[in-house]
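model24.cif follows (mmCIF, C-alpha atoms):
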```cif
data_upload
#
loop_
_atom_site.label_atom_id
_atom_site.label_comp_id
_atom_site.auth_asym_id
_atom_site.auth_seq_id
_atom_site.Cartn_x
_atom_site.Cartn_y
_atom_site.Cartn_z
CA MET G 1 24.96 51.22 10.65
CA LYS G 2 26.34 49.67 13.85
CA ARG G 3 23.06 50.43 15.65
CA LYS G 4 21.10 48.64 12.88
CA HIS G 5 23.28 45.57 13.27
CA ILE G 6 22.67 45.52 17.03
CA LEU G 7 18.90 45.81 16.56
CA LEU G 8 18.94 42.99 14.00
CA ALA G 9 20.89 40.73 16.36
CA VAL G 10 18.40 41.41 19.18
CA LEU G 11 15.49 40.63 16.87
CA LEU G 12 16.99 37.32 15.75
CA LEU G 13 17.75 36.31 19.34
CA SER G 14 14.19 37.13 20.40
CA THR G 15 12.80 34.99 17.58
CA ILE G 16 14.96 32.03 18.59
CA ILE G 17 13.96 32.31 22.24
CA PHE G 18 10.27 32.57 21.37
CA SER G 19 10.39 29.53 19.08
CA CYS G 20 11.86 27.47 21.92
CA LYS G 21 8.97 28.09 24.31
CA LYS G 22 7.22 24.87 25.28
CA ASN G 23 3.83 25.74 23.78
CA ALA G 24 4.94 28.18 21.10
CA VAL G 25 3.43 27.82 17.66
CA GLN G 26 6.00 26.00 15.56
CA ASN G 27 6.73 27.22 12.07
CA ILE G 28 5.42 25.03 9.30
CA ALA G 29 8.21 24.02 6.90
CA GLU G 30 9.81 27.06 5.27
CA PRO G 31 9.06 27.85 1.60
CA ILE G 32 11.35 25.79 -0.64
CA ASN G 33 12.08 25.30 -4.31
CA GLY G 34 11.08 21.90 -5.65
CA GLY G 35 10.51 19.33 -2.94
CA ALA G 36 7.89 16.64 -2.36
CA GLN G 37 4.19 17.50 -2.18
CA LEU G 38 1.85 15.93 0.39
CA LYS G 39 -1.79 15.90 1.47
CA TYR G 40 -2.87 14.66 4.93
CA PHE G 41 -6.19 12.96 5.79
CA ASN G 42 -7.55 12.23 9.28
CA PHE G 43 -9.95 9.40 8.44
CA ALA G 44 -9.42 7.23 11.56
CA LEU G 45 -12.73 6.53 13.26
CA ASN G 46 -13.09 8.39 16.58
CA ALA G 47 -9.64 9.95 16.19
CA PRO G 48 -8.98 13.13 18.17
CA ILE G 49 -7.74 16.40 16.72
CA ILE G 50 -4.11 16.08 15.69
CA ASN G 51 -1.36 17.87 13.81
CA PHE G 52 0.89 16.18 11.27
CA TYR G 53 4.68 16.23 11.58
CA ALA G 54 7.56 15.28 9.29
CA ASN G 55 10.20 14.28 11.87
CA GLU G 56 10.07 17.20 14.31
CA THR G 57 8.67 19.76 11.86
CA LYS G 58 4.96 20.49 11.98
CA VAL G 59 3.54 20.32 8.46
CA SER G 60 -0.12 21.06 9.24
CA ALA G 61 -1.43 23.70 11.62
CA ALA G 62 -4.01 26.37 12.28
CA SER G 63 -2.95 30.00 12.67
CA SER G 64 -2.70 31.49 16.15
CA THR G 65 -3.09 35.06 17.37
CA THR G 66 -1.60 34.31 20.80
CA GLY G 67 1.69 32.59 19.94
CA VAL G 68 0.50 29.44 21.74
CA GLU G 69 -0.52 26.26 19.93
CA SER G 70 -4.28 25.76 19.92
CA ALA G 71 -5.64 22.76 21.83
CA THR G 72 -8.80 22.63 19.70
CA ALA G 73 -7.67 23.66 16.21
CA GLY G 74 -5.94 21.10 14.04
CA VAL G 75 -6.88 18.26 11.70
CA ALA G 76 -10.06 16.71 13.09
CA TYR G 77 -11.73 13.49 12.00
CA ALA G 78 -12.93 13.68 8.37
CA ALA G 79 -10.70 16.70 7.68
CA VAL G 80 -7.97 17.08 5.04
CA TYR G 81 -4.90 19.32 4.99
CA PRO G 82 -4.59 21.27 2.76
CA SER G 83 -8.33 21.26 2.14
CA THR G 84 -7.98 22.94 -1.27
CA ASN G 85 -6.73 21.45 -4.55
CA ALA G 86 -3.16 21.97 -3.40
CA TYR G 87 -0.40 20.09 -1.56
CA SER G 88 1.98 21.14 1.20
CA ILE G 89 5.66 21.01 0.22
CA ILE G 90 8.63 19.63 2.15
CA PRO G 91 12.24 18.95 1.09
CA ALA G 92 12.87 15.52 -0.41
CA GLY G 93 14.19 12.93 2.06
CA THR G 94 13.25 10.13 4.43
CA TYR G 95 10.88 11.06 7.26
CA ASP G 96 8.98 9.69 10.19
CA PHE G 97 5.57 11.17 9.48
CA MET G 98 3.61 11.48 12.73
CA ALA G 99 0.09 12.37 13.79
CA LYS G 100 0.47 14.09 17.15
CA ARG G 101 -1.93 15.61 19.68
CA PRO G 102 -1.52 19.37 20.27
CA SER G 103 0.95 20.26 23.02
CA THR G 104 -1.74 22.26 24.83
CA ALA G 105 -4.45 19.56 24.64
CA THR G 106 -6.09 18.79 27.99
CA VAL G 107 -6.13 15.08 27.07
CA ASP G 108 -2.99 13.27 25.85
CA PRO G 109 -0.86 16.32 24.99
CA ASN G 110 1.95 15.54 22.51
CA VAL G 111 0.88 11.89 22.21
CA VAL G 112 1.72 10.40 18.80
CA ILE G 113 -1.22 8.30 17.56
CA ALA G 114 0.35 7.08 14.29
CA THR G 115 3.77 7.00 12.61
CA LEU G 116 4.86 6.17 9.06
CA ASN G 117 8.40 6.06 7.69
CA LYS G 118 8.64 7.08 4.05
CA GLN G 119 11.18 8.43 1.58
CA VAL G 120 9.65 11.21 -0.51
CA ALA G 121 11.19 12.53 -3.71
CA ASP G 122 11.48 15.85 -5.50
CA GLY G 123 8.56 16.54 -7.80
CA LYS G 124 6.47 13.62 -6.47
CA ASN G 125 3.04 13.77 -4.82
CA TYR G 126 1.79 11.73 -1.86
CA SER G 127 -1.30 11.34 0.32
CA ILE G 128 -1.06 10.20 3.96
CA TYR G 129 -4.19 8.72 5.53
CA LEU G 130 -5.01 8.01 9.16
CA SER G 131 -7.46 5.11 9.03
CA GLY G 132 -8.80 2.22 11.05
CA LEU G 133 -10.37 2.56 14.48
CA TYR G 134 -8.65 4.80 17.03
CA ASN G 135 -7.86 2.74 20.15
CA THR G 136 -8.56 4.83 23.25
CA THR G 137 -6.42 2.51 25.40
CA THR G 138 -3.26 2.30 23.31
CA LYS G 139 -3.79 5.80 21.80
CA LYS G 140 -2.96 4.38 18.36
CA THR G 141 -4.57 4.03 14.95
CA ASP G 142 -3.69 2.79 11.46
CA ALA G 143 -2.03 4.87 8.77
CA PHE G 144 -0.95 4.42 5.18
CA ILE G 145 0.57 6.45 2.36
CA ILE G 146 -0.33 6.51 -1.33
CA ASP G 147 1.96 7.65 -4.14
CA ASP G 148 -0.16 10.11 -6.11
CA VAL G 149 0.85 9.46 -9.73
CA LEU G 150 -0.98 12.43 -11.20
CA PRO G 151 -1.85 12.24 -14.91
CA PRO G 152 -1.03 15.09 -17.30
CA ILE G 153 -3.56 17.91 -17.23
CA ASP G 154 -6.15 17.33 -19.95
CA SER G 155 -8.37 20.29 -20.81
CA SER G 156 -10.95 17.96 -22.43
CA THR G 157 -11.62 15.62 -19.51
CA ALA G 158 -11.23 14.99 -15.77
CA TYR G 159 -9.43 12.23 -13.88
CA VAL G 160 -10.74 10.36 -10.82
CA ARG G 161 -9.69 7.50 -8.53
CA LEU G 162 -10.93 5.58 -5.48
CA VAL G 163 -8.96 5.39 -2.22
CA HIS G 164 -10.14 2.76 0.27
CA ALA G 165 -9.74 3.97 3.88
CA CYS G 166 -12.60 1.98 5.47
CA TYR G 167 -10.97 -0.61 7.71
CA ASN G 168 -13.90 -3.03 8.06
CA ALA G 169 -14.99 -3.22 4.40
CA ASN G 170 -13.98 -5.63 1.65
CA ALA G 171 -12.63 -4.57 -1.74
CA PHE G 172 -14.86 -2.26 -3.77
CA ASP G 173 -15.56 -1.30 -7.37
CA LEU G 174 -16.35 2.36 -8.04
CA ILE G 175 -19.08 3.07 -10.58
CA MET G 176 -19.94 6.59 -11.68
CA LYS G 177 -23.49 7.07 -12.96
CA ASN G 178 -24.11 10.15 -15.08
CA THR G 179 -27.22 11.85 -13.66
CA THR G 180 -28.28 13.13 -17.08
CA THR G 181 -27.78 10.04 -19.27
CA SER G 182 -27.88 7.33 -16.54
CA VAL G 183 -24.82 5.77 -18.19
CA GLU G 184 -22.65 3.89 -15.67
CA THR G 185 -18.85 3.91 -15.99
CA LEU G 186 -16.56 1.58 -14.05
CA VAL G 187 -13.55 3.63 -12.92
CA GLY G 188 -11.98 1.51 -10.15
CA THR G 189 -11.95 -2.27 -9.68
CA ASN G 190 -11.22 -4.48 -6.66
CA VAL G 191 -9.81 -1.64 -4.55
CA ALA G 192 -8.82 -3.05 -1.15
CA TYR G 193 -8.30 -1.31 2.20
CA LYS G 194 -5.20 0.93 2.25
CA THR G 195 -4.94 0.95 -1.55
CA ALA G 196 -6.03 3.21 -4.40
CA SER G 197 -7.08 2.69 -8.00
CA ASN G 198 -5.23 4.39 -10.84
CA PHE G 199 -6.52 7.75 -12.03
CA THR G 200 -9.08 7.20 -14.80
CA LYS G 201 -10.50 9.62 -17.37
CA ILE G 202 -14.13 10.66 -16.93
CA PRO G 203 -16.06 13.24 -18.99
CA GLN G 204 -17.17 16.45 -17.32
CA GLY G 205 -20.59 16.08 -15.74
CA VAL G 206 -22.62 15.39 -12.61
CA TYR G 207 -22.41 11.83 -11.27
CA ASP G 208 -23.71 9.54 -8.57
CA LEU G 209 -20.76 7.71 -6.97
CA ILE G 210 -21.62 4.06 -6.33
CA LEU G 211 -19.56 1.48 -4.45
CA ARG G 212 -20.25 -2.23 -4.96
CA TYR G 213 -18.33 -5.17 -3.60
CA THR G 214 -16.26 -6.58 -6.44
CA GLY G 215 -18.28 -8.93 -8.63
CA THR G 216 -21.65 -8.13 -7.02
CA PRO G 217 -24.58 -6.00 -8.27
CA THR G 218 -25.68 -4.50 -4.93
CA ASN G 219 -25.03 -0.84 -4.18
CA ILE G 220 -23.28 -0.60 -0.78
CA VAL G 221 -22.44 3.11 -0.52
CA ILE G 222 -23.76 5.94 -2.68
CA ARG G 223 -22.97 9.63 -2.87
CA THR G 224 -25.24 11.56 -5.20
CA ALA G 225 -24.79 14.54 -7.52
CA VAL G 226 -21.00 15.03 -7.48
CA SER G 227 -19.76 17.53 -10.05
CA VAL G 228 -16.66 16.59 -12.04
CA ILE G 229 -15.00 19.39 -14.01
CA LYS G 230 -12.61 18.92 -16.91
CA SER G 231 -8.91 19.75 -16.37
CA ASN G 232 -9.26 18.66 -12.72
CA THR G 233 -8.13 15.55 -10.84
CA TYR G 234 -10.10 14.07 -7.91
CA SER G 235 -9.65 11.46 -5.18
CA PHE G 236 -12.87 9.83 -3.94
CA SER G 237 -11.95 8.29 -0.57
CA LEU G 238 -14.15 5.91 1.39
CA ARG G 239 -14.11 6.38 5.18
CA GLY G 240 -16.36 5.43 8.09
CA ASP G 241 -17.85 2.26 9.57
CA ILE G 242 -19.30 -0.02 6.90
CA THR G 243 -21.70 -1.63 9.41
CA LEU G 244 -23.67 1.63 9.64
CA PRO G 245 -26.22 2.91 7.09
CA TYR G 246 -24.66 5.36 4.65
CA THR G 247 -27.74 7.60 4.79
CA GLY G 248 -28.44 10.17 7.49
CA THR G 249 -26.03 12.36 9.42
CA VAL G 250 -24.21 9.96 11.77
CA VAL G 251 -20.57 11.09 11.83
CA ASN G 252 -19.11 7.58 11.49
CA ARG G 253 -21.40 6.44 8.66
CA PRO G 254 -19.73 5.21 5.45
CA PHE G 255 -19.02 8.24 3.33
CA ILE G 256 -17.25 8.95 0.02
CA ASP G 257 -15.06 12.01 0.49
CA ASN G 258 -14.36 14.18 -2.57
CA THR G 259 -10.97 15.89 -2.42
CA PRO G 260 -9.45 17.56 -5.50
CA ASN G 261 -5.78 16.79 -6.10
CA ARG G 262 -5.50 19.78 -8.43
#
```

Take the structure in this file and express it as structure tokens.
Amino acid sequence: MKRKHILLAVLLLSTIIFSCKKNAVQNIAEPINGGAQLKYFNFALNAPIINFYANETKVSAASSTTGVESATAGVAYAAVYPSTNAYSIIPAGTYDFMAKRPSTATVDPNVVIATLNKQVADGKNYSIYLSGLYNTTTKKTDAFIIDDVLPPIDSSTAYVRLVHACYNANAFDLIMKNTTTSVETLVGTNVAYKTASNFTKIPQGVYDLILRYTGTPTNIVIRTAVSVIKSNTYSFSLRGDITLPYTGTVVNRPFIDNTPNR
């Protein structure tokens, strides 16, 4: 029994020492009961790969087989963490949420490109967005946080909303056009930059997502043939540079991201 205790003590000491290495992979927040649930979006134009932190705890990361933080794996522009219809969980409290370059990056290691202070509560959901245009001189970009007031699960319908993360565009209306019936449904009105519409019911189906400036008939951004499934909840988030055509494959073009909340 004494020998087992000695071995356990050595193992714990080794773990502590390893976790203190300069470039060691930091543990993402430990599993907890309850807590606040968050999703993280890197939608800042030209932003580098980053990891998200809540105070000094990394809350987004890629796995490593070497024990050293990757310089190239993280949350890149246009990526979301978690990418599935789930949230990451942290204990309730007040945090400085940071977007930070990997410690092993060859350019700007450990540089914080955005910070938000926010109190998050047990049982609540939140989405943090990097947005705006990444400034290569100041190494900074915009960020904002949305309280995700999720509706009750409804097995007969879906829920959708619009989040506006396009820094150089005016307020938008979101219209969803059913590709079978051609019926148009207005689901978000006058949604300004760094804000979101409320979640709205929409029948299951396949839709074209259409953005129009509030009070105007012209289609500004379109995403075609998006499937919406009952019992699910979706955030349609606008990112990119509104001065570019939304068609084609240019990375910074205006684009409506489709991320399930659940």

Checklist entry - Written as a ChimeraX atom specification, what is the full residue list that the PyMOL selection byres ((chain G and resi 95) around 9) yields on the file shown? => result /G:54-55,93-94,96-97,116-120

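The nearest approach to Ser227 of chain G among the residues G:Ala158, G:Ile210, G:Ala47, G:Ile113, with all atoms listed in the file taken into account, belongs to G:Ala158.
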
**Request:** Can you turn the PyMOL selection byres ((chain G and resi 221) around 10) into a concrete residue list for this file, as a list in words?
**Result:**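 In the shown coordinates, the PyMOL selection byres ((chain G and resi 221) around 10) covers Phe172, Leu174, Leu209, Ile210, Leu211, Arg212, Tyr213, Thr218, Asn219, Ile220, Ile222, Arg223, Leu238, Ile242, Pro245, Tyr246, Thr247, Arg253, Pro254, Phe255 and Ile256 of chain G.
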
Please write as an mmCIF file with C-alpha atoms, in the coordinates of the input the full residue list that the PyMOL selection byres ((chain G and resi 80) around 8) yields on this file.
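Ended up saving to out_3.cif:
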```
data_model
loop_
_atom_site.group_PDB
_atom_site.id
_atom_site.type_symbol
_atom_site.label_atom_id
_atom_site.label_comp_id
_atom_site.auth_asym_id
_atom_site.auth_seq_id
_atom_site.Cartn_x
_atom_site.Cartn_y
_atom_site.Cartn_z
ATOM 1 C CA LYS G 39 -1.790 15.900 1.470
ATOM 2 C CA TYR G 40 -2.870 14.660 4.930
ATOM 3 C CA PHE G 41 -6.190 12.960 5.790
ATOM 4 C CA ASN G 42 -7.550 12.230 9.280
ATOM 5 C CA VAL G 75 -6.880 18.260 11.700
ATOM 6 C CA ALA G 78 -12.930 13.680 8.370
ATOM 7 C CA ALA G 79 -10.700 16.700 7.680
ATOM 8 C CA TYR G 81 -4.900 19.320 4.990
ATOM 9 C CA PRO G 82 -4.590 21.270 2.760
ATOM 10 C CA SER G 83 -8.330 21.260 2.140
#
```

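Among the candidate residues G:Ile175, G:Ile202, G:Val191, G:Val183, the one lying nearest to Pro217 of chain G is G:Ile175, with distances computed using all atoms listed in the file.
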
Work out how far atom CA of Gly215 of chain G is from atom CA of Asn178 of chain G, in Å to one decimal.
->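 Here the two named atoms are 21.0 Å from each other.
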
Go ahead and compute the interatomic distance for atom CA of Val160 of chain G and atom CA of Leu133 of chain G, in Å to one decimal.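 Result for atom CA of Val160 of chain G versus atom CA of Leu133 of chain G: 26.5 Å, one decimal.
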
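Residue nearest Ala105 of chain G within the list G:Thr233, G:Thr195, G:Asn168, G:Asn51: G:Asn51 [criterion: smallest interatomic distance, all atoms listed in the file].
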
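In this model, the gap between atom CA of Gly74 of chain G and atom CA of Ile49 of chain G comes to 5.7 Å.
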
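For the choices G:Pro203, G:Gly132, G:Gly34, G:Pro151, the atom-to-atom distance to His164 of chain G is smallest for G:Gly132 when using all atoms listed in the file.
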
Leaving out Val149 of chain G and any residue of its chain fewer than 6 positions from it, which residues lie within 9 Å of it when counting only C-alpha atoms, given as a list in words? Lys124, Asn125, Tyr126, Asn198 and Phe199 of chain G

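Using all atoms listed in the file, the protein and nucleic acid residues lying no more than 9 Å from Thr141 of chain G, apart from those fewer than 2 places from it along its own chain, are Ala44, Leu45, Ala47, Ile113, Ala114, Leu130, Ser131, Gly132, Leu133, Tyr134, Asn135, Thr138, Lys139 and Ala143 of chain G.
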
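For Thr84 of chain G, the list of residues within 9 Å, based on all atoms listed in the file and with local chain neighbours fewer than 5 positions off taken out, reads Thr259, Pro260, Asn261 and Arg262 of chain G.
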
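Proximity ranking of G:Phe43, G:Tyr87, G:Phe144, G:Phe236 relative to Ser197 of chain G places G:Phe236 first, based on only C-alpha atoms.
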
Practice task
Could you check which of G:Ser237, G:Asn110, G:Thr214, G:Thr137 is closest to Leu162 of chain G, using all atoms listed in the file?
Solution key: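 Result for the nearest residue to Leu162 of chain G: G:Ser237.
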